[in-house]
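A short worksheet on the structure shown next.
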Amino acid sequence: QQESRAEREPVGMGNLTQSLQAIHRLQGSLGAAVVDVSTGTCLAVIGGRTFDLEAQSAFYAAFLHAKARIVADIGKQSGIEDIIITSSD
């Protein structure tokens with residue numbers, strides 16, 4: 001039985017760092033993060049000099065949990081189409 005490439009080469013921090021750097025090089029990118037959505041913990045982050053990317057990541061994880069509760073409470077199977085969050089900052 002032949003093992004897949006993913007099984008032979010586990011994802012390491014080098015690959016994660018390279019991926020974040022590639023995302024951050026995209027035009028208009030202010031930063032990028034990999035977040036454990038269950039806890040809101042930033043696993044890796046790049047950029048975000050003008051704002052606290054780790055705090056924003058924790059906020060967004062909490063937002064996703066709230067959205068999931070709302071969808072469950074209203075019983076809408078197709079999900080929510082649009083949610084707008086604005087900030088004066």
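As shown in the structure tokens, the chain order sets the letters A, B, ...; within each chain, residues go from 1, and ligands are also counted from 1 in the order they appear.
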
>> Set the distance at 9 Å and use only C-alpha atoms: which residues neighbour Glu54 (chain A) once local chain neighbours fewer than 3 positions away are removed? I'd like the list as a VMD selection string.
In response: chain A and resid 33 35 40 to 42 45 48 51 57 to 59

How would the residues just picked look written out with all heavy atoms as a PDB file, in the first residue's frame?
```
ATOM      1  N   ALA A  33      -3.788  35.214   9.817  1.00  0.00           N
ATOM      2  CA  ALA A  33      -3.642  34.421  11.031  1.00  0.00           C
ATOM      3  C   ALA A  33      -4.245  33.048  10.827  1.00  0.00           C
ATOM      4  O   ALA A  33      -5.179  32.880  10.047  1.00  0.00           O
ATOM      5  CB  ALA A  33      -4.329  35.113  12.209  1.00  0.00           C
ATOM      6  N   VAL A  35      -6.095  30.381  13.191  1.00  0.00           N
ATOM      7  CA  VAL A  35      -6.739  30.457  14.499  1.00  0.00           C
ATOM      8  C   VAL A  35      -7.441  29.140  14.821  1.00  0.00           C
ATOM      9  O   VAL A  35      -8.110  28.566  13.965  1.00  0.00           O
ATOM     10  CB  VAL A  35      -7.779  31.604  14.513  1.00  0.00           C
ATOM     11  CG1 VAL A  35      -8.481  31.699  15.849  1.00  0.00           C
ATOM     12  CG2 VAL A  35      -7.118  32.917  14.148  1.00  0.00           C
ATOM     13  N   GLY A  40     -10.242  30.321  19.950  1.00  0.00           N
ATOM     14  CA  GLY A  40      -9.892  31.689  19.579  1.00  0.00           C
ATOM     15  C   GLY A  40      -8.406  31.964  19.680  1.00  0.00           C
ATOM     16  O   GLY A  40      -7.970  33.102  19.516  1.00  0.00           O
ATOM     17  N   THR A  41      -7.606  30.936  19.903  1.00  0.00           N
ATOM     18  CA  THR A  41      -6.166  31.094  20.056  1.00  0.00           C
ATOM     19  C   THR A  41      -5.488  31.211  18.702  1.00  0.00           C
ATOM     20  O   THR A  41      -5.726  30.402  17.813  1.00  0.00           O
ATOM     21  CB  THR A  41      -5.573  29.883  20.810  1.00  0.00           C
ATOM     22  OG1 THR A  41      -6.206  29.782  22.072  1.00  0.00           O
ATOM     23  CG2 THR A  41      -4.079  30.027  21.008  1.00  0.00           C
ATOM     24  N   CYS A  42      -4.629  32.220  18.556  1.00  0.00           N
ATOM     25  CA  CYS A  42      -3.839  32.370  17.339  1.00  0.00           C
ATOM     26  C   CYS A  42      -2.712  31.348  17.368  1.00  0.00           C
ATOM     27  O   CYS A  42      -1.917  31.321  18.307  1.00  0.00           O
ATOM     28  CB  CYS A  42      -3.227  33.764  17.260  1.00  0.00           C
ATOM     29  SG  CYS A  42      -4.198  34.915  16.330  1.00  0.00           S
ATOM     30  N   VAL A  45       0.621  34.063  13.197  1.00  0.00           N
ATOM     31  CA  VAL A  45       0.136  35.374  12.779  1.00  0.00           C
ATOM     32  C   VAL A  45       1.246  36.114  12.038  1.00  0.00           C
ATOM     33  O   VAL A  45       2.430  35.924  12.328  1.00  0.00           O
ATOM     34  CB  VAL A  45      -0.376  36.188  14.000  1.00  0.00           C
ATOM     35  CG1 VAL A  45       0.739  36.497  14.968  1.00  0.00           C
ATOM     36  CG2 VAL A  45      -1.087  37.434  13.580  1.00  0.00           C
ATOM     37  N   GLY A  48      -0.603  42.852  10.747  1.00  0.00           N
ATOM     38  CA  GLY A  48      -1.488  43.403  11.754  1.00  0.00           C
ATOM     39  C   GLY A  48      -0.854  44.511  12.569  1.00  0.00           C
ATOM     40  O   GLY A  48      -1.128  44.655  13.752  1.00  0.00           O
ATOM     41  N   PHE A  51      -3.455  47.068  13.932  1.00  0.00           N
ATOM     42  CA  PHE A  51      -4.480  46.568  14.844  1.00  0.00           C
ATOM     43  C   PHE A  51      -3.983  45.273  15.485  1.00  0.00           C
ATOM     44  O   PHE A  51      -3.027  44.668  15.013  1.00  0.00           O
ATOM     45  CB  PHE A  51      -5.809  46.336  14.102  1.00  0.00           C
ATOM     46  CG  PHE A  51      -5.689  45.386  12.942  1.00  0.00           C
ATOM     47  CD1 PHE A  51      -5.953  44.033  13.098  1.00  0.00           C
ATOM     48  CD2 PHE A  51      -5.308  45.847  11.696  1.00  0.00           C
ATOM     49  CE1 PHE A  51      -5.828  43.160  12.036  1.00  0.00           C
ATOM     50  CE2 PHE A  51      -5.189  44.981  10.621  1.00  0.00           C
ATOM     51  CZ  PHE A  51      -5.448  43.629  10.795  1.00  0.00           C
ATOM     52  N   SER A  57      -8.774  37.996  16.065  1.00  0.00           N
ATOM     53  CA  SER A  57      -8.995  36.572  15.826  1.00  0.00           C
ATOM     54  C   SER A  57      -9.861  35.958  16.918  1.00  0.00           C
ATOM     55  O   SER A  57     -10.768  35.178  16.646  1.00  0.00           O
ATOM     56  CB  SER A  57      -7.653  35.841  15.755  1.00  0.00           C
ATOM     57  OG  SER A  57      -6.892  36.317  14.673  1.00  0.00           O
ATOM     58  N   ALA A  58      -9.586  36.325  18.164  1.00  0.00           N
ATOM     59  CA  ALA A  58     -10.392  35.821  19.286  1.00  0.00           C
ATOM     60  C   ALA A  58     -11.835  36.317  19.154  1.00  0.00           C
ATOM     61  O   ALA A  58     -12.783  35.555  19.375  1.00  0.00           O
ATOM     62  CB  ALA A  58      -9.789  36.273  20.609  1.00  0.00           C
ATOM     63  N   PHE A  59     -12.004  37.589  18.768  1.00  0.00           N
ATOM     64  CA  PHE A  59     -13.345  38.140  18.560  1.00  0.00           C
ATOM     65  C   PHE A  59     -14.080  37.369  17.475  1.00  0.00           C
ATOM     66  O   PHE A  59     -15.243  36.999  17.629  1.00  0.00           O
ATOM     67  CB  PHE A  59     -13.270  39.622  18.181  1.00  0.00           C
ATOM     68  CG  PHE A  59     -14.561  40.153  17.615  1.00  0.00           C
ATOM     69  CD1 PHE A  59     -15.610  40.468  18.458  1.00  0.00           C
ATOM     70  CD2 PHE A  59     -14.725  40.276  16.249  1.00  0.00           C
ATOM     71  CE1 PHE A  59     -16.814  40.934  17.936  1.00  0.00           C
ATOM     72  CE2 PHE A  59     -15.922  40.730  15.725  1.00  0.00           C
ATOM     73  CZ  PHE A  59     -16.967  41.061  16.571  1.00  0.00           C
TER      74      PHE A  59
END
```

>> Using only C-alpha atoms for the distances, tell me which of A:Ala61, A:Val71, A:Leu16, A:Leu30 is nearest to Gly47 (chain A).
In response: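 Closest to Gly47 (chain A) of all the choices is A:Leu30.
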
>> Counting only C-alpha atoms, which residue out of A:Ala62, A:Ala72, A:Leu26, A:Leu53 sits closest to Thr39 (chain A)?
In response: A:Ala62

> Using only C-alpha atoms, which residue out of A:Ala55, A:Leu20, A:Phe63, A:Ile70 lies closest to Ile84 (chain A)?
Replying inline: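 Nearest to Ile84 (chain A): A:Phe63.
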
> Which is closer to Thr17 (chain A) than all the others in A:Ala66, A:Ile74, A:Val34, A:Ile83, using only C-alpha atoms?
Replying inline: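 Among the listed residues, A:Val34 lies closest to Thr17 (chain A).
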
> Where does DSSP see strand (DSSP E) in region 3-70 of chain A, if you list the residues as a list in words?
Replying inline: Gly31, Ala32, Ala33, Val34, Val35, Asp36, Thr41, Cys42, Leu43, Ala44, Val45, Ile46 and Gly47 of chain A

> Between A:Ser29, A:Val37, A:Ala68, A:Asn15, which one has atoms that come closest to Thr50 (chain A), using only C-alpha atoms?
Replying inline: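 The answer is A:Ser29, which sits nearest to Thr50 (chain A).
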